[in-house]
Structures are given as C-alpha cells and as structure tokens.
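> Quick one: this structure, given as structure tokens, is what I'll be asking you about.
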Amino acid sequence: MELNVINDQGQKASTLNASDALFAREYNEALIHQLVVAYQANARSGNRKQLTRAEVHHSTKKPFKQKGTGNARAGMTSSPLWRGGGRIFPNSPDENFSQKVNKKMHRAGLRSIYSQLVREGRLMVVEEIVLEAPKTKLLAEKFKAMGLDSVLIITDTVDENLYLASRNLAHV
C-alpha cells in the first residue's frame with residue numbers, strides 16, 4: 001500500500017510504501033467497539049459511595065409502637081424501606097471497573113482503525129514539521145495551510161518547539 005506524503009504547505013511531495021499487514025485490514029466494528037468500551041471503563045476512577053443502613057445517621061429508637069397503629073412493623077428509620085434510609089447493596093469506592101484487553105486484540109484493533117483512516121483519506125504523512133519558535137499561532141497556521149483540523153502528531157524524536165506550540169491547540 002502506498003501513502004501520500006505531503007509537505008508543510010499541504011502539497012503532495014512523494015509516496016511512501018507501507019505494510020499491507022498494517023494498512024490493508026478490513027474494518028472490524030465489533031473489535032473497535034470492545035476496545036473503546038474497555039478504554040472508557042479503564043478511565044473510570046471508581047470514587048462513588050453510598051451509605052449502608054449502618055452508616056446512615058439515624059436513631060435506633062423505634063419510630064412508633066409495634067401494635068395498634070395500623071402501620072407495618074418498623075424497627076428504625078435507617079431501614080432501606082424508609083425515605084432517607086440506607087441502601088441495601090450500596091456502591092463502594094473500591095469497585096474495580098477495569099477490563100483486560102489482550103495484546104493481539106489491541107494491535108488488531110489499531111490496525112483496523114489505521115486501515116479505515118487510510119481508506120477514508122484521513123491519515124496524512126507529513127515530511128517534516130519545523131517551527132522556528134514555540135508559538136501556537138505558527139503551528140495553527142501550518143495546520144490550516146495543510147487543511148488539517150483534528151490532528152494526532154507522531155514523531156520519531158521529541159521537538160521542544162513542536163511540543164510547546166501544540167499543547168494549547170484544541171483537537172491536537
């Protein structure tokens with residue numbers, strides 16, 4: 001498979017031979033859905049907490065006498081049946097929401113995503129992005145000239161100017 005390489009003005013500069021194993025896979029929607037759900041589940045902090053009937057601040061005194069009122073029997077107002085009472089099976093903050101994704105599934109999902117991006121023409125290879133100064137405005141102008149609005153930058157080396165210029169741009 002051949003990918004088009006563009007320069008920093010957005011014109012086609014050359015082509016790049018890419019592996020068919022990476023960029024010519026079929027789109028596997030079920031696998032990608034599973035990866036996205038696992039990614040979002042692993043991002044959960046698990047900090048929600050509800051009170052049990054033992055943790056609710058109520059008196060242990062009977063609310064009314066056992067017989068003669070016509071009401072059902074009641075022992076205390078912290079019962080889960082009462083308004084303001086504790087929960088029967090409350091959520092605890094130590095709940096673990098993480099999901100395991102196998103390495104092969106993760107790699108296959110990324111390859112499927114990359115292949116789909118190439119088919120839709122949304123994957124661009126840029127020759128080189130060089131910034132003279134770490135200015136966000138300069139990088140935004142370069143992206144606008146290339147016709148890019150949402151960008152994932154992957155480089156082989158860390159360029160300090162590129163990092164500083166890109167960190168305040170939306171969708172970069």
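Each chain in the structure tokens gets a letter, A, B and so on, in the order shown; residues start at 1 in every chain, and ligands are counted from 1 in the order they appear.
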Using DSSP on the backbone coordinates, identify the residues of region 22-75 of chain A assigned to alpha helix (DSSP H); present them as a PyMOL selection string.
chain A and resi 22-23+29-42
> Take the residues from that selection and put them in a file with N, CA, C and O atoms, as a tab-separated table (two decimals), in the first residue's frame.

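Result file is again.tsv:
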chain	number	residue	atom	x	y	z
A	22	LEU	N	-0.49	-3.73	7.99
A	22	LEU	CA	-0.91	-2.66	8.88
A	22	LEU	C	-2.03	-1.81	8.29
A	22	LEU	O	-2.97	-1.44	8.99
A	23	PHE	N	-1.96	-1.52	7.00
A	23	PHE	CA	-2.89	-0.55	6.41
A	23	PHE	C	-3.90	-1.15	5.43
A	23	PHE	O	-4.63	-0.41	4.79
A	29	GLU	N	-15.80	-3.66	13.26
A	29	GLU	CA	-16.54	-2.74	14.13
A	29	GLU	C	-16.72	-3.30	15.54
A	29	GLU	O	-16.62	-2.56	16.52
A	30	ALA	N	-16.95	-4.59	15.67
A	30	ALA	CA	-17.16	-5.19	16.99
A	30	ALA	C	-15.90	-5.10	17.84
A	30	ALA	O	-15.96	-4.78	19.04
A	31	LEU	N	-14.75	-5.34	17.24
A	31	LEU	CA	-13.48	-5.26	17.97
A	31	LEU	C	-13.19	-3.84	18.40
A	31	LEU	O	-12.77	-3.60	19.54
A	32	ILE	N	-13.43	-2.88	17.52
A	32	ILE	CA	-13.17	-1.48	17.85
A	32	ILE	C	-14.11	-1.02	18.96
A	32	ILE	O	-13.72	-0.29	19.87
A	33	HIS	N	-15.37	-1.47	18.90
A	33	HIS	CA	-16.32	-1.13	19.97
A	33	HIS	C	-15.84	-1.68	21.31
A	33	HIS	O	-15.89	-1.01	22.33
A	34	GLN	N	-15.34	-2.90	21.29
A	34	GLN	CA	-14.84	-3.51	22.53
A	34	GLN	C	-13.64	-2.74	23.06
A	34	GLN	O	-13.51	-2.53	24.27
A	35	LEU	N	-12.75	-2.29	22.18
A	35	LEU	CA	-11.59	-1.51	22.62
A	35	LEU	C	-12.00	-0.17	23.22
A	35	LEU	O	-11.46	0.25	24.24
A	36	VAL	N	-12.97	0.49	22.59
A	36	VAL	CA	-13.41	1.80	23.09
A	36	VAL	C	-14.10	1.65	24.44
A	36	VAL	O	-13.85	2.44	25.36
A	37	VAL	N	-14.94	0.63	24.59
A	37	VAL	CA	-15.63	0.41	25.87
A	37	VAL	C	-14.61	0.11	26.97
A	37	VAL	O	-14.70	0.62	28.09
A	38	ALA	N	-13.61	-0.71	26.67
A	38	ALA	CA	-12.58	-1.04	27.66
A	38	ALA	C	-11.76	0.19	28.01
A	38	ALA	O	-11.42	0.41	29.18
A	39	TYR	N	-11.44	1.01	27.02
A	39	TYR	CA	-10.66	2.24	27.27
A	39	TYR	C	-11.44	3.18	28.19
A	39	TYR	O	-10.88	3.74	29.13
A	40	GLN	N	-12.73	3.35	27.93
A	40	GLN	CA	-13.54	4.24	28.77
A	40	GLN	C	-13.75	3.65	30.16
A	40	GLN	O	-13.76	4.36	31.16
A	41	ALA	N	-13.91	2.32	30.26
A	41	ALA	CA	-14.09	1.69	31.57
A	41	ALA	C	-12.81	1.79	32.40
A	41	ALA	O	-12.88	2.01	33.61
A	42	ASN	N	-11.66	1.66	31.76
A	42	ASN	CA	-10.39	1.76	32.48
A	42	ASN	C	-10.11	3.19	32.92
A	42	ASN	O	-9.28	3.40	33.81
> Find the residues near Ser45 (chain A): any atom within 12 Å, counting only C-alpha atoms, skip ones fewer than 6 places away on the same chain, and give them as a list in words.
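The neighbour list is Ser92, Pro93, Asp94, Glu95, Asn96, Phe97 and Ser98 of chain A.
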> When you count only C-alpha atoms, which of these residues is closest to Arg53 (chain A): A:Ala170, A:Gln66, A:Thr77, A:Glu120?
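Ranked by minimum distance to Arg53 (chain A), first place goes to A:Thr77.
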> Taking only C-alpha atoms into account, name the residue in A:Ala18, A:Leu117, A:Arg83, A:Val126 that is nearest to Lys142 (chain A).
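Looking at the shortest contact to Lys142 (chain A), the residue is A:Val126.
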> Report as a list in words all protein, DNA and RNA residues lying within 10 Å of Asp159 (chain A), evaluated on only C-alpha atoms, omitting residues in the same chain fewer than 3 positions from it.
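Listed by chain and then number, they are Ile129, Val130, Leu131, Pro134, Thr155, Asp156, Leu162, Tyr163 and Leu164 of chain A.
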> Could you give me the residues within region 7-167 of chain A that DSSP places in strand (DSSP E), as a list in words?
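Of region 7-167 of chain A, only Lys12, Ala13, Ser14, Thr15, Leu16, Asn17, Val125 and Val126 of chain A fall in strand (DSSP E).
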> Restricting the calculation to only C-alpha atoms, which member of A:Leu138, A:Met76, A:Ile153, A:Val158 is positioned closest to Ala54 (chain A)?
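With only C-alpha atoms as the atom set, the closest residue is A:Met76.
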> Rank nothing, just name the residue among A:Thr136, A:Met146, A:Ala21, A:Val56 nearest to Ile88 (chain A), using only C-alpha atoms.
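Distance minimum relative to Ile88 (chain A) lands on A:Val56.
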> Show me, as a ChimeraX atom specification, the residues that have an atom within 10 Å of Glu2 (chain A) when counting only C-alpha atoms, minus same-chain residues fewer than 5 positions from it.
/A:14-20,23,118
> How about saving the chosen residues, N, CA, C and O atoms kept, as a short mmCIF file (atom, residue, chain, number, x, y, z; two decimals), in the first residue's frame?

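And here's again.cif as it stands now:
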data_model
loop_
_atom_site.label_atom_id
_atom_site.label_comp_id
_atom_site.auth_asym_id
_atom_site.auth_seq_id
_atom_site.Cartn_x
_atom_site.Cartn_y
_atom_site.Cartn_z
N SER A 14 5.67 13.20 -2.12
CA SER A 14 6.09 11.90 -2.62
C SER A 14 5.13 10.84 -2.10
O SER A 14 4.09 11.15 -1.54
N THR A 15 5.50 9.58 -2.31
CA THR A 15 4.72 8.47 -1.78
C THR A 15 5.61 7.62 -0.89
O THR A 15 6.84 7.62 -1.03
N LEU A 16 4.96 6.89 0.00
CA LEU A 16 5.68 6.06 0.96
C LEU A 16 5.09 4.66 0.91
O LEU A 16 3.87 4.49 0.97
N ASN A 17 5.94 3.65 0.77
CA ASN A 17 5.46 2.27 0.78
C ASN A 17 5.18 1.86 2.22
O ASN A 17 6.05 1.96 3.08
N ALA A 18 3.97 1.39 2.47
CA ALA A 18 3.57 0.98 3.81
C ALA A 18 3.16 -0.48 3.78
O ALA A 18 2.75 -1.02 2.75
N SER A 19 3.23 -1.11 4.92
CA SER A 19 2.92 -2.52 5.04
C SER A 19 1.42 -2.77 4.85
O SER A 19 0.58 -2.10 5.43
N ASP A 20 1.11 -3.78 4.04
CA ASP A 20 -0.30 -4.17 3.85
C ASP A 20 -0.86 -4.80 5.11
O ASP A 20 -2.06 -4.76 5.35
N PHE A 23 -1.96 -1.52 7.00
CA PHE A 23 -2.89 -0.55 6.41
C PHE A 23 -3.90 -1.15 5.43
O PHE A 23 -4.63 -0.41 4.79
N VAL A 118 -6.97 5.29 6.37
CA VAL A 118 -6.33 5.39 5.05
C VAL A 118 -7.38 5.31 3.95
O VAL A 118 -7.35 6.08 2.99
#
> Which polymer residues have any atom within 10 Å of an atom of Asp149 (chain A), counting only C-alpha atoms, with same-chain residues fewer than 6 positions away left out, as a list of chain:residue names?
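What passes the distance filter is A:Ala140, A:Phe143, A:Ala170, A:His171, A:Val172.
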> Can you measure CA of Asn4 (chain A) to CA of Gly121 (chain A) for me? One decimal in Å is fine.
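Between these atoms lies a distance of 9.7 Å.
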